[in-house]
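Notes for the one structure printed next.
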Amino acid sequence: MHVLVIDDEQGIRQVVCRAMTAQGYDCESAADGAAALELAARQRFDLVFCDVMMEGMNGLDVLRRLRAGQNFDGEIVIMTAQASVEAAIEAVQAGADDYISKPFNLEQLTQIAAATAQRRAPGDVIDIPPRRESGHEMRGRSQAILDVVMTIMRVAQTDLSVLITGETGTGKELAARLIHRASPRAQKPFIALNCGALPDSLLESELFGHVRGAFTGADVARRGIFEEANGGTIFLDEIGETSLAFQVKLLRVLEAREVTPLGANLKKPIDVRVLSASNRGIAELEGSPSFRADLLFRLHGVSVHMPPLRQHPQDIESIALAFFSQYAPEGHLLRITREALATLEAYEWPGNVRQLKHVCQQAAALSRDVIRVDDLPKNIVQRQPAAIVREVAPPAHWPTLEEMQLNYVSLLRQTFGDNKTKIAGILRVNRKTVYGFFEKLDAPGNAKTTARRDGETTE
């Protein structure tokens, strides 16, 4: 990767170029905008670090000129000591890809460079197919998911009630929809209802319907879900969260295969297949005093258990790529780094597929062209194992933090001599700290001891 550093301070140019070279990148520098544009006209640069306040052409002007050129497609990071929200907005509007304030630490620069290298290195990224999925498909190749699908395909051909269990977010509704689509009722309605989100009165009205005047606010008669889905399938999610009183009424409907709207006396026959779901297991429901055993027997014709995502991490890649494809901006081709995919695969996903979906949706919306680790939520990145961190070929010698500090101070001293006030201002430290740096540099045997320039005064 080729890097260009544009800054009118020689010390900053040198220290940034040394940091880039230590990471294995080719680096060139320019002291002003005109020289930078000449370099960019002759050579392709992947990444540009550009100061804002420079004599002659300022950094934003350089940025605009680079963006206007036909031969430049690199990324530009604006550097400034006058950091503000307004300045950051102006930089982004002018075409900057990133914005950092001075004084910066070298770790910031190397992280930015590493992310840029990932985006611009085809071998490190995977293309995301530009297709729009409905979001109603079960995905995966693991044995756990294949076992679920095989059970679903067998039970779909029957008219048995199915109880789907599994942790929150594992895709219980997806399983219910697949059962419906593979069943003889596929051309009839499929209606889902979250039972745990409604009080009894509203739940009964939603399921059984009501006549006009059945309760306060019932200005018109309304058919319930059992009638609306006649001939088709209804899915009762979180059935384990309903009250015992409601369970009695639901059991009566399922046994009699007829429903009575609230406020009515006339019973209406129904032909509906009932699928239900709970985040509690069968054994827990059987032993629960808050759930009727006879209703459980009625609902539990066949059981399907959805495994948590942590038990089939090999499916994370295919599921994530489908979500990225679904939520990519219209007409926008996205790619993802292998490191970012490895980070997703290493996470335990306590919220299961639903949590993965939200993460992919957010990353697809906020990323530019390549989804990288920096585009993922911090809580996911922070928990990745060290084994998946991208390996970087180490230089012959990793400098310590003190060595890097002395390198920087030495370069500043070469530029400004012993003008401690000036150097303290650039470093944003007090003069006493600068004295300490100078003492270390002037220590006998220190290779970084530098000669003072003629004509410089000591302050």
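Lettering and numbering for the structure tokens are positional, with chains as A, B, ... in the shown order, residues counted from 1 in each chain, and ligands counted from 1 in the shown order.
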
Select from segment 256-307 of chain A every residue with an atom at most 10 Å from any atom of segment 136-158 of chain A, then for each give the shortest pair of atoms and their distance in Å to one decimal, using only C-alpha atoms, rows by chain and rising number, as a tab-separated table.
residue	atom	partner	partner_atom	distance
A:Arg273	CA	A:Thr158	CA	9.9
A:Gly301	CA	A:Val155	CA	9.7
A:Val302	CA	A:Val155	CA	7.6
A:Ser303	CA	A:Thr151	CA	9.1
A:Val304	CA	A:Val148	CA	6.9
A:His305	CA	A:Val148	CA	7.3
A:Met306	CA	A:Val148	CA	7.1
A:Pro307	CA	A:Ala144	CA	7.0

All residues 12 Å or closer to Pro313 of chain A, only C-alpha atoms, same chain fewer than 2 positions away omitted, as a PDB file with N, CA and C atoms, in the first residue's frame:
ATOM      1  N   GLY A 140     -28.217 -22.245   6.749  1.00  0.00           N
ATOM      2  CA  GLY A 140     -27.206 -22.996   7.476  1.00  0.00           C
ATOM      3  C   GLY A 140     -26.970 -24.364   6.857  1.00  0.00           C
ATOM      4  N   ARG A 141     -25.765 -24.892   7.114  1.00  0.00           N
ATOM      5  CA  ARG A 141     -25.418 -26.220   6.616  1.00  0.00           C
ATOM      6  C   ARG A 141     -25.022 -27.163   7.755  1.00  0.00           C
ATOM      7  N   SER A 142     -25.093 -26.697   8.979  1.00  0.00           N
ATOM      8  CA  SER A 142     -24.691 -27.535  10.109  1.00  0.00           C
ATOM      9  C   SER A 142     -25.683 -28.670  10.294  1.00  0.00           C
ATOM     10  N   GLN A 143     -25.233 -29.732  10.972  1.00  0.00           N
ATOM     11  CA  GLN A 143     -26.106 -30.868  11.226  1.00  0.00           C
ATOM     12  C   GLN A 143     -27.287 -30.463  12.097  1.00  0.00           C
ATOM     13  N   ALA A 144     -27.057 -29.518  13.015  1.00  0.00           N
ATOM     14  CA  ALA A 144     -28.136 -29.067  13.905  1.00  0.00           C
ATOM     15  C   ALA A 144     -29.282 -28.452  13.110  1.00  0.00           C
ATOM     16  N   ILE A 145     -28.960 -27.605  12.136  1.00  0.00           N
ATOM     17  CA  ILE A 145     -29.999 -26.960  11.332  1.00  0.00           C
ATOM     18  C   ILE A 145     -30.615 -27.952  10.346  1.00  0.00           C
ATOM     19  N   PRO A 307     -31.963 -24.689  17.880  1.00  0.00           N
ATOM     20  CA  PRO A 307     -30.726 -24.595  18.670  1.00  0.00           C
ATOM     21  C   PRO A 307     -30.219 -23.160  18.744  1.00  0.00           C
ATOM     22  N   PRO A 308     -29.580 -22.783  19.849  1.00  0.00           N
ATOM     23  CA  PRO A 308     -28.974 -21.446  19.922  1.00  0.00           C
ATOM     24  C   PRO A 308     -27.817 -21.331  18.934  1.00  0.00           C
ATOM     25  N   LEU A 309     -27.542 -20.115  18.490  1.00  0.00           N
ATOM     26  CA  LEU A 309     -26.533 -19.898  17.457  1.00  0.00           C
ATOM     27  C   LEU A 309     -25.145 -20.348  17.904  1.00  0.00           C
ATOM     28  N   ARG A 310     -24.859 -20.258  19.190  1.00  0.00           N
ATOM     29  CA  ARG A 310     -23.537 -20.654  19.680  1.00  0.00           C
ATOM     30  C   ARG A 310     -23.276 -22.141  19.499  1.00  0.00           C
ATOM     31  N   GLN A 311     -24.343 -22.940  19.280  1.00  0.00           N
ATOM     32  CA  GLN A 311     -24.177 -24.372  19.080  1.00  0.00           C
ATOM     33  C   GLN A 311     -23.950 -24.743  17.614  1.00  0.00           C
ATOM     34  N   ASP A 315     -22.579 -21.842  10.887  1.00  0.00           N
ATOM     35  CA  ASP A 315     -23.622 -21.259  10.032  1.00  0.00           C
ATOM     36  C   ASP A 315     -23.610 -19.736  10.052  1.00  0.00           C
ATOM     37  N   ILE A 316     -22.805 -19.140  10.919  1.00  0.00           N
ATOM     38  CA  ILE A 316     -22.827 -17.684  11.069  1.00  0.00           C
ATOM     39  C   ILE A 316     -22.472 -16.989   9.762  1.00  0.00           C
ATOM     40  N   GLU A 317     -21.477 -17.502   9.038  1.00  0.00           N
ATOM     41  CA  GLU A 317     -21.061 -16.833   7.800  1.00  0.00           C
ATOM     42  C   GLU A 317     -22.205 -16.757   6.794  1.00  0.00           C
ATOM     43  N   SER A 318     -22.872 -17.881   6.526  1.00  0.00           N
ATOM     44  CA  SER A 318     -23.936 -17.861   5.523  1.00  0.00           C
ATOM     45  C   SER A 318     -25.114 -17.012   5.974  1.00  0.00           C
ATOM     46  N   ILE A 319     -25.430 -17.041   7.276  1.00  0.00           N
ATOM     47  CA  ILE A 319     -26.535 -16.226   7.785  1.00  0.00           C
ATOM     48  C   ILE A 319     -26.182 -14.745   7.688  1.00  0.00           C
ATOM     49  N   ALA A 320     -24.960 -14.391   8.093  1.00  0.00           N
ATOM     50  CA  ALA A 320     -24.541 -12.990   8.065  1.00  0.00           C
ATOM     51  C   ALA A 320     -24.502 -12.446   6.640  1.00  0.00           C
ATOM     52  N   LEU A 341     -15.531 -11.208   9.421  1.00  0.00           N
ATOM     53  CA  LEU A 341     -16.314 -12.447   9.467  1.00  0.00           C
ATOM     54  C   LEU A 341     -15.848 -13.346  10.607  1.00  0.00           C
ATOM     55  N   ALA A 342     -14.532 -13.426  10.801  1.00  0.00           N
ATOM     56  CA  ALA A 342     -14.002 -14.246  11.899  1.00  0.00           C
ATOM     57  C   ALA A 342     -14.447 -13.695  13.244  1.00  0.00           C
ATOM     58  N   THR A 343     -14.542 -12.377  13.351  1.00  0.00           N
ATOM     59  CA  THR A 343     -15.013 -11.755  14.592  1.00  0.00           C
ATOM     60  C   THR A 343     -16.454 -12.136  14.868  1.00  0.00           C
ATOM     61  N   LEU A 344     -17.299 -12.125  13.835  1.00  0.00           N
ATOM     62  CA  LEU A 344     -18.691 -12.535  14.004  1.00  0.00           C
ATOM     63  C   LEU A 344     -18.781 -14.001  14.421  1.00  0.00           C
ATOM     64  N   GLU A 345     -17.951 -14.833  13.822  1.00  0.00           N
ATOM     65  CA  GLU A 345     -17.992 -16.268  14.133  1.00  0.00           C
ATOM     66  C   GLU A 345     -17.487 -16.570  15.539  1.00  0.00           C
ATOM     67  N   ALA A 346     -16.629 -15.714  16.081  1.00  0.00           N
ATOM     68  CA  ALA A 346     -16.051 -15.962  17.407  1.00  0.00           C
ATOM     69  C   ALA A 346     -16.972 -15.517  18.536  1.00  0.00           C
ATOM     70  N   TYR A 347     -17.951 -14.688  18.235  1.00  0.00           N
ATOM     71  CA  TYR A 347     -18.845 -14.159  19.277  1.00  0.00           C
ATOM     72  C   TYR A 347     -19.895 -15.209  19.652  1.00  0.00           C
ATOM     73  N   GLU A 348     -20.352 -15.190  20.898  1.00  0.00           N
ATOM     74  CA  GLU A 348     -21.274 -16.222  21.377  1.00  0.00           C
ATOM     75  C   GLU A 348     -22.734 -15.930  21.047  1.00  0.00           C
ATOM     76  N   TRP A 349     -23.112 -14.716  20.729  1.00  0.00           N
ATOM     77  CA  TRP A 349     -24.457 -14.322  20.320  1.00  0.00           C
ATOM     78  C   TRP A 349     -25.534 -14.735  21.328  1.00  0.00           C
ATOM     79  N   ASN A 352     -28.769 -14.567  19.786  1.00  0.00           N
ATOM     80  CA  ASN A 352     -28.956 -15.503  18.687  1.00  0.00           C
ATOM     81  C   ASN A 352     -29.115 -14.806  17.335  1.00  0.00           C
ATOM     82  N   VAL A 353     -29.880 -15.415  16.424  1.00  0.00           N
ATOM     83  CA  VAL A 353     -29.963 -14.915  15.047  1.00  0.00           C
ATOM     84  C   VAL A 353     -30.528 -13.498  15.009  1.00  0.00           C
ATOM     85  N   LEU A 356     -27.708 -11.132  15.640  1.00  0.00           N
ATOM     86  CA  LEU A 356     -26.850 -11.099  14.461  1.00  0.00           C
ATOM     87  C   LEU A 356     -27.488 -10.270  13.352  1.00  0.00           C
TER      88      LEU A 356
END

*Provide the atom CA of Arg298 of chain A to atom CA of Leu160 of chain A distance in Å, to one decimal place.*
9.5 Å

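We find atom CA of Gln247 of chain A and atom CA of Thr170 of chain A to be spaced 24.9 Å apart.
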
*asked:* I'd like to know which of A:Ile89, A:Leu4, A:Met53, A:Phe437 is closest to Leu66 of chain A, using only C-alpha atoms.
replied: A:Leu4

*If you run DSSP on this backbone, which residues of segment 269-421 of chain A come out as strand (DSSP E or B), and could you give them as an NGL selection string?*
:A and (269 or 273-278 or 302-305 or 335-337 or 370-371)

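Nearest residue to Pro189 of chain A, choosing from A:Ala229, A:Ile380, A:Val274, A:Met404 and counting only C-alpha atoms: A:Ala229.
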
For segment 242-246 of chain A, list every protein, DNA or RNA residue within 8 Å, evaluated using only C-alpha atoms, and leave out those in the same chain fewer than 6 positions away; present the list as a compact mmCIF listing (two decimals) with C-alpha atoms, in the first residue's frame.
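Produced file part-v7.txt, reproduced below:
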# COMPACT_ATOMS: atom_id res chain seq x y z
CA CYS A 195 -49.28 -13.71 22.96
CA GLY A 196 -46.87 -12.39 25.57
CA ASP A 200 -56.03 -11.22 28.22
CA GLU A 204 -59.13 -12.82 23.29
CA SER A 290 -48.70 -21.51 35.43
CA PHE A 291 -49.27 -23.63 32.33
CA ARG A 292 -52.07 -26.16 31.91

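Residue neighbourhood of Leu254 of chain A, excluding near-sequence residues (fewer than 4 positions): Leu160, Ser161, Leu207, Phe208, Phe226, Gln247, Val248, Lys249, Leu250, Glu258, Val259, Thr260, Pro269, Ile270, Asp271, Val272, Arg273, Val274, Leu275, Asp294, Leu295, Leu296, Phe297, Arg298 and Leu299 of chain A, at 12 Å, using only C-alpha atoms.
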
Write out, as a PDB file, in the first residue's frame, the residues just selected, with N, CA and C atoms.
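Generated file (result37.pdb):
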ATOM      1  N   LEU A 160     -50.807 -31.950  12.229  1.00  0.00           N
ATOM      2  CA  LEU A 160     -50.589 -31.941  13.672  1.00  0.00           C
ATOM      3  C   LEU A 160     -50.223 -30.544  14.173  1.00  0.00           C
ATOM      4  N   SER A 161     -50.572 -30.273  15.419  1.00  0.00           N
ATOM      5  CA  SER A 161     -50.095 -29.059  16.072  1.00  0.00           C
ATOM      6  C   SER A 161     -48.601 -29.230  16.353  1.00  0.00           C
ATOM      7  N   LEU A 207     -57.820 -12.973  18.898  1.00  0.00           N
ATOM      8  CA  LEU A 207     -57.946 -14.358  18.435  1.00  0.00           C
ATOM      9  C   LEU A 207     -59.380 -14.741  18.082  1.00  0.00           C
ATOM     10  N   PHE A 208     -60.335 -14.354  18.923  1.00  0.00           N
ATOM     11  CA  PHE A 208     -61.702 -14.833  18.762  1.00  0.00           C
ATOM     12  C   PHE A 208     -62.605 -13.824  18.065  1.00  0.00           C
ATOM     13  N   PHE A 226     -58.598 -16.426  14.279  1.00  0.00           N
ATOM     14  CA  PHE A 226     -59.027 -17.778  13.929  1.00  0.00           C
ATOM     15  C   PHE A 226     -59.917 -17.773  12.691  1.00  0.00           C
ATOM     16  N   GLN A 247     -55.823 -19.679  28.938  1.00  0.00           N
ATOM     17  CA  GLN A 247     -55.502 -21.024  28.466  1.00  0.00           C
ATOM     18  C   GLN A 247     -56.740 -21.914  28.447  1.00  0.00           C
ATOM     19  N   VAL A 248     -57.646 -21.746  29.417  1.00  0.00           N
ATOM     20  CA  VAL A 248     -58.891 -22.520  29.448  1.00  0.00           C
ATOM     21  C   VAL A 248     -59.717 -22.237  28.196  1.00  0.00           C
ATOM     22  N   LYS A 249     -59.844 -20.957  27.837  1.00  0.00           N
ATOM     23  CA  LYS A 249     -60.642 -20.581  26.663  1.00  0.00           C
ATOM     24  C   LYS A 249     -60.004 -21.075  25.373  1.00  0.00           C
ATOM     25  N   LEU A 250     -58.671 -20.984  25.280  1.00  0.00           N
ATOM     26  CA  LEU A 250     -57.988 -21.453  24.077  1.00  0.00           C
ATOM     27  C   LEU A 250     -58.148 -22.960  23.936  1.00  0.00           C
ATOM     28  N   GLU A 258     -64.252 -24.674  17.131  1.00  0.00           N
ATOM     29  CA  GLU A 258     -65.193 -23.595  16.883  1.00  0.00           C
ATOM     30  C   GLU A 258     -64.876 -22.444  17.821  1.00  0.00           C
ATOM     31  N   VAL A 259     -65.247 -21.229  17.387  1.00  0.00           N
ATOM     32  CA  VAL A 259     -64.915 -20.036  18.144  1.00  0.00           C
ATOM     33  C   VAL A 259     -66.163 -19.194  18.356  1.00  0.00           C
ATOM     34  N   THR A 260     -66.229 -18.547  19.519  1.00  0.00           N
ATOM     35  CA  THR A 260     -67.338 -17.646  19.832  1.00  0.00           C
ATOM     36  C   THR A 260     -66.778 -16.251  20.024  1.00  0.00           C
ATOM     37  N   PRO A 269     -67.642 -22.412  13.216  1.00  0.00           N
ATOM     38  CA  PRO A 269     -66.652 -23.486  13.021  1.00  0.00           C
ATOM     39  C   PRO A 269     -65.374 -22.922  12.397  1.00  0.00           C
ATOM     40  N   ILE A 270     -64.258 -23.505  12.751  1.00  0.00           N
ATOM     41  CA  ILE A 270     -62.972 -23.052  12.215  1.00  0.00           C
ATOM     42  C   ILE A 270     -62.167 -24.245  11.721  1.00  0.00           C
ATOM     43  N   ASP A 271     -61.336 -23.994  10.723  1.00  0.00           N
ATOM     44  CA  ASP A 271     -60.411 -25.009  10.199  1.00  0.00           C
ATOM     45  C   ASP A 271     -59.040 -24.352  10.136  1.00  0.00           C
ATOM     46  N   VAL A 272     -58.302 -24.429  11.239  1.00  0.00           N
ATOM     47  CA  VAL A 272     -57.018 -23.733  11.364  1.00  0.00           C
ATOM     48  C   VAL A 272     -56.001 -24.677  11.981  1.00  0.00           C
ATOM     49  N   ARG A 273     -54.804 -24.680  11.403  1.00  0.00           N
ATOM     50  CA  ARG A 273     -53.699 -25.405  12.039  1.00  0.00           C
ATOM     51  C   ARG A 273     -53.005 -24.463  13.009  1.00  0.00           C
ATOM     52  N   VAL A 274     -52.735 -24.930  14.216  1.00  0.00           N
ATOM     53  CA  VAL A 274     -52.121 -24.089  15.249  1.00  0.00           C
ATOM     54  C   VAL A 274     -50.672 -24.504  15.475  1.00  0.00           C
ATOM     55  N   LEU A 275     -49.785 -23.544  15.265  1.00  0.00           N
ATOM     56  CA  LEU A 275     -48.381 -23.683  15.632  1.00  0.00           C
ATOM     57  C   LEU A 275     -48.126 -22.739  16.788  1.00  0.00           C
ATOM     58  N   ASP A 294     -53.133 -30.009  30.122  1.00  0.00           N
ATOM     59  CA  ASP A 294     -54.007 -30.458  29.033  1.00  0.00           C
ATOM     60  C   ASP A 294     -53.844 -29.582  27.783  1.00  0.00           C
ATOM     61  N   LEU A 295     -53.564 -28.284  27.958  1.00  0.00           N
ATOM     62  CA  LEU A 295     -53.309 -27.429  26.804  1.00  0.00           C
ATOM     63  C   LEU A 295     -51.970 -27.791  26.164  1.00  0.00           C
ATOM     64  N   LEU A 296     -50.978 -28.108  27.007  1.00  0.00           N
ATOM     65  CA  LEU A 296     -49.679 -28.502  26.481  1.00  0.00           C
ATOM     66  C   LEU A 296     -49.802 -29.759  25.620  1.00  0.00           C
ATOM     67  N   PHE A 297     -50.616 -30.731  26.068  1.00  0.00           N
ATOM     68  CA  PHE A 297     -50.812 -31.945  25.280  1.00  0.00           C
ATOM     69  C   PHE A 297     -51.456 -31.619  23.935  1.00  0.00           C
ATOM     70  N   ARG A 298     -52.390 -30.675  23.943  1.00  0.00           N
ATOM     71  CA  ARG A 298     -53.078 -30.306  22.716  1.00  0.00           C
ATOM     72  C   ARG A 298     -52.141 -29.601  21.734  1.00  0.00           C
ATOM     73  N   LEU A 299     -51.258 -28.736  22.269  1.00  0.00           N
ATOM     74  CA  LEU A 299     -50.351 -27.978  21.411  1.00  0.00           C
ATOM     75  C   LEU A 299     -49.145 -28.792  20.974  1.00  0.00           C
TER      76      LEU A 299
END

*Can you list, as a ChimeraX atom specification, every protein, DNA or RNA residue that comes within 7 Å of segment 39-48 of chain A when you count only C-alpha atoms, leaving out same-chain residues fewer than 3 positions away?*
/A:1-5,35-36,72,74-77

Please identify the alpha helix (DSSP H) residues within segment 195-367 of chain A (assignment by DSSP from backbone atoms) and present them as a PDB file with C-alpha atoms, in the first residue's frame.
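Generated file (result18.pdb):
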ATOM      1  CA  ASP A 200     -56.029 -11.218  28.217  1.00  0.00           C
ATOM      2  CA  SER A 201     -58.819  -8.919  27.042  1.00  0.00           C
ATOM      3  CA  LEU A 202     -56.984  -7.813  23.911  1.00  0.00           C
ATOM      4  CA  LEU A 203     -55.622 -11.304  23.290  1.00  0.00           C
ATOM      5  CA  GLU A 204     -59.132 -12.817  23.290  1.00  0.00           C
ATOM      6  CA  SER A 205     -60.395 -10.076  20.979  1.00  0.00           C
ATOM      7  CA  GLU A 206     -57.476 -10.592  18.575  1.00  0.00           C
ATOM      8  CA  LEU A 207     -57.946 -14.358  18.435  1.00  0.00           C
ATOM      9  CA  PHE A 208     -61.702 -14.833  18.762  1.00  0.00           C
ATOM     10  CA  ILE A 225     -57.452 -14.308  13.799  1.00  0.00           C
ATOM     11  CA  PHE A 226     -59.027 -17.778  13.929  1.00  0.00           C
ATOM     12  CA  GLU A 227     -61.616 -16.659  11.375  1.00  0.00           C
ATOM     13  CA  GLU A 228     -59.152 -14.596   9.315  1.00  0.00           C
ATOM     14  CA  LEU A 244     -54.445 -19.753  33.129  1.00  0.00           C
ATOM     15  CA  ALA A 245     -57.827 -18.141  32.451  1.00  0.00           C
ATOM     16  CA  PHE A 246     -56.962 -17.528  28.811  1.00  0.00           C
ATOM     17  CA  GLN A 247     -55.502 -21.024  28.466  1.00  0.00           C
ATOM     18  CA  VAL A 248     -58.891 -22.520  29.448  1.00  0.00           C
ATOM     19  CA  LYS A 249     -60.642 -20.581  26.663  1.00  0.00           C
ATOM     20  CA  LEU A 250     -57.988 -21.453  24.077  1.00  0.00           C
ATOM     21  CA  LEU A 251     -58.193 -25.136  25.004  1.00  0.00           C
ATOM     22  CA  ARG A 252     -61.966 -25.086  24.504  1.00  0.00           C
ATOM     23  CA  VAL A 253     -61.558 -23.581  21.026  1.00  0.00           C
ATOM     24  CA  LEU A 254     -58.925 -26.127  19.992  1.00  0.00           C
ATOM     25  CA  GLU A 255     -60.972 -29.095  21.222  1.00  0.00           C
ATOM     26  CA  ALA A 256     -64.311 -27.959  19.789  1.00  0.00           C
ATOM     27  CA  ILE A 282     -41.087 -28.879  27.137  1.00  0.00           C
ATOM     28  CA  ALA A 283     -39.886 -30.169  30.501  1.00  0.00           C
ATOM     29  CA  GLU A 284     -40.128 -26.701  32.043  1.00  0.00           C
ATOM     30  CA  LEU A 285     -43.656 -26.186  30.711  1.00  0.00           C
ATOM     31  CA  GLU A 286     -44.730 -29.632  31.974  1.00  0.00           C
ATOM     32  CA  ALA A 293     -50.915 -29.701  31.158  1.00  0.00           C
ATOM     33  CA  ASP A 294     -54.007 -30.458  29.033  1.00  0.00           C
ATOM     34  CA  LEU A 295     -53.309 -27.429  26.804  1.00  0.00           C
ATOM     35  CA  LEU A 296     -49.679 -28.502  26.481  1.00  0.00           C
ATOM     36  CA  PHE A 297     -50.812 -31.945  25.280  1.00  0.00           C
ATOM     37  CA  ARG A 298     -53.078 -30.306  22.716  1.00  0.00           C
ATOM     38  CA  LEU A 299     -50.351 -27.978  21.411  1.00  0.00           C
ATOM     39  CA  ILE A 316     -22.827 -17.684  11.069  1.00  0.00           C
ATOM     40  CA  GLU A 317     -21.061 -16.833   7.800  1.00  0.00           C
ATOM     41  CA  SER A 318     -23.936 -17.861   5.523  1.00  0.00           C
ATOM     42  CA  ILE A 319     -26.535 -16.226   7.785  1.00  0.00           C
ATOM     43  CA  ALA A 320     -24.541 -12.990   8.065  1.00  0.00           C
ATOM     44  CA  LEU A 321     -23.888 -12.761   4.307  1.00  0.00           C
ATOM     45  CA  ALA A 322     -27.618 -13.172   3.669  1.00  0.00           C
ATOM     46  CA  PHE A 323     -28.415 -10.364   6.114  1.00  0.00           C
ATOM     47  CA  PHE A 324     -25.742  -8.091   4.626  1.00  0.00           C
ATOM     48  CA  SER A 325     -27.195  -8.746   1.184  1.00  0.00           C
ATOM     49  CA  GLN A 326     -30.698  -8.004   2.421  1.00  0.00           C
ATOM     50  CA  TYR A 327     -29.780  -4.711   4.100  1.00  0.00           C
ATOM     51  CA  ARG A 338     -12.212 -12.064   6.522  1.00  0.00           C
ATOM     52  CA  GLU A 339     -11.210 -10.611   9.888  1.00  0.00           C
ATOM     53  CA  ALA A 340     -14.688  -9.127  10.365  1.00  0.00           C
ATOM     54  CA  LEU A 341     -16.314 -12.447   9.467  1.00  0.00           C
ATOM     55  CA  ALA A 342     -14.002 -14.246  11.899  1.00  0.00           C
ATOM     56  CA  THR A 343     -15.013 -11.755  14.592  1.00  0.00           C
ATOM     57  CA  LEU A 344     -18.691 -12.535  14.004  1.00  0.00           C
ATOM     58  CA  GLU A 345     -17.992 -16.268  14.133  1.00  0.00           C
ATOM     59  CA  ALA A 346     -16.051 -15.962  17.407  1.00  0.00           C
ATOM     60  CA  ASN A 352     -28.956 -15.503  18.687  1.00  0.00           C
ATOM     61  CA  VAL A 353     -29.963 -14.915  15.047  1.00  0.00           C
ATOM     62  CA  ARG A 354     -32.045 -11.848  15.911  1.00  0.00           C
ATOM     63  CA  GLN A 355     -29.000 -10.131  17.457  1.00  0.00           C
ATOM     64  CA  LEU A 356     -26.850 -11.099  14.461  1.00  0.00           C
ATOM     65  CA  LYS A 357     -29.489  -9.623  12.161  1.00  0.00           C
ATOM     66  CA  HIS A 358     -29.429  -6.269  13.969  1.00  0.00           C
ATOM     67  CA  VAL A 359     -25.609  -6.149  13.909  1.00  0.00           C
ATOM     68  CA  CYS A 360     -25.532  -6.895  10.170  1.00  0.00           C
ATOM     69  CA  GLN A 361     -28.237  -4.321   9.488  1.00  0.00           C
ATOM     70  CA  GLN A 362     -26.284  -1.642  11.352  1.00  0.00           C
ATOM     71  CA  ALA A 363     -22.944  -2.512   9.740  1.00  0.00           C
ATOM     72  CA  ALA A 364     -24.448  -2.562   6.231  1.00  0.00           C
ATOM     73  CA  ALA A 365     -25.939   0.892   6.779  1.00  0.00           C
ATOM     74  CA  LEU A 366     -22.833   2.536   8.272  1.00  0.00           C
TER      75      LEU A 366
END

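For the pair atom CA of Ile239 of chain A and atom CA of Gly224 of chain A, the interatomic distance is 17.2 Å.
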
Near-segment 58-64 of chain A list (12 Å; only C-alpha atoms; drop same-chain fewer than 2 positions) as a tab-separated table (two decimals) with C-alpha atoms, in the first residue's frame:
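Once written, around_36.tsv looks like this:
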chain	number	residue	atom	x	y	z
A	5	VAL	CA	1.84	12.42	4.17
A	6	ILE	CA	1.18	16.15	3.59
A	7	ASP	CA	2.27	18.48	6.39
A	8	ASP	CA	4.32	21.66	6.58
A	30	ALA	CA	5.11	16.60	0.79
A	31	ALA	CA	5.58	19.91	2.61
A	32	ASP	CA	2.75	21.74	0.85
A	33	GLY	CA	-0.29	21.21	-1.33
A	34	ALA	CA	1.40	21.95	-4.64
A	35	ALA	CA	4.11	19.36	-4.07
A	36	ALA	CA	1.46	16.83	-2.96
A	37	LEU	CA	-0.58	17.30	-6.13
A	38	GLU	CA	2.55	16.82	-8.24
A	40	ALA	CA	-0.35	12.38	-6.83
A	47	LEU	CA	-4.00	6.58	1.69
A	48	VAL	CA	-3.28	10.26	2.28
A	49	PHE	CA	-2.72	11.93	5.66
A	50	CYS	CA	-3.22	15.65	5.10
A	51	ASP	CA	-2.77	18.59	7.47
A	52	VAL	CA	-5.38	21.37	7.30
A	53	MET	CA	-3.48	24.54	8.24
A	54	MET	CA	-0.70	24.98	5.69
A	55	GLU	CA	0.64	28.04	3.92
A	56	GLY	CA	-0.66	28.57	0.41
A	66	LEU	CA	-7.37	15.29	-5.26
A	67	ARG	CA	-11.00	14.21	-5.38
A	68	ALA	CA	-11.51	16.12	-8.61
A	69	GLY	CA	-8.62	14.30	-10.29
A	72	PHE	CA	-7.03	9.41	-7.54
A	73	ASP	CA	-9.23	6.84	-5.80
A	74	GLY	CA	-7.46	6.66	-2.42
A	75	GLU	CA	-8.70	7.48	1.06
A	76	ILE	CA	-7.95	10.81	2.71
A	77	VAL	CA	-7.52	11.44	6.44
A	78	ILE	CA	-7.53	15.06	7.56
A	79	MET	CA	-5.20	16.01	10.45
A	80	THR	CA	-5.73	19.24	12.38
A	87	ALA	CA	-14.33	21.39	11.17
A	88	ALA	CA	-15.05	17.67	11.08
A	89	ILE	CA	-18.32	18.23	9.19
A	90	GLU	CA	-16.57	20.51	6.70
A	91	ALA	CA	-13.84	17.91	6.14
A	92	VAL	CA	-16.32	15.10	5.51
A	93	GLN	CA	-18.39	17.28	3.18
A	94	ALA	CA	-15.23	18.10	1.24
A	95	GLY	CA	-14.61	14.37	0.72
A	96	ALA	CA	-12.49	13.24	3.70
A	97	ASP	CA	-12.82	9.61	4.75
A	98	ASP	CA	-11.62	10.19	8.30
A	99	TYR	CA	-10.64	13.01	10.63

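Here the question is which of A:Glu107, A:Glu167, A:Glu173, A:Asp219 gets nearest to Leu401 of chain A using only C-alpha atoms, and that residue is A:Glu107.
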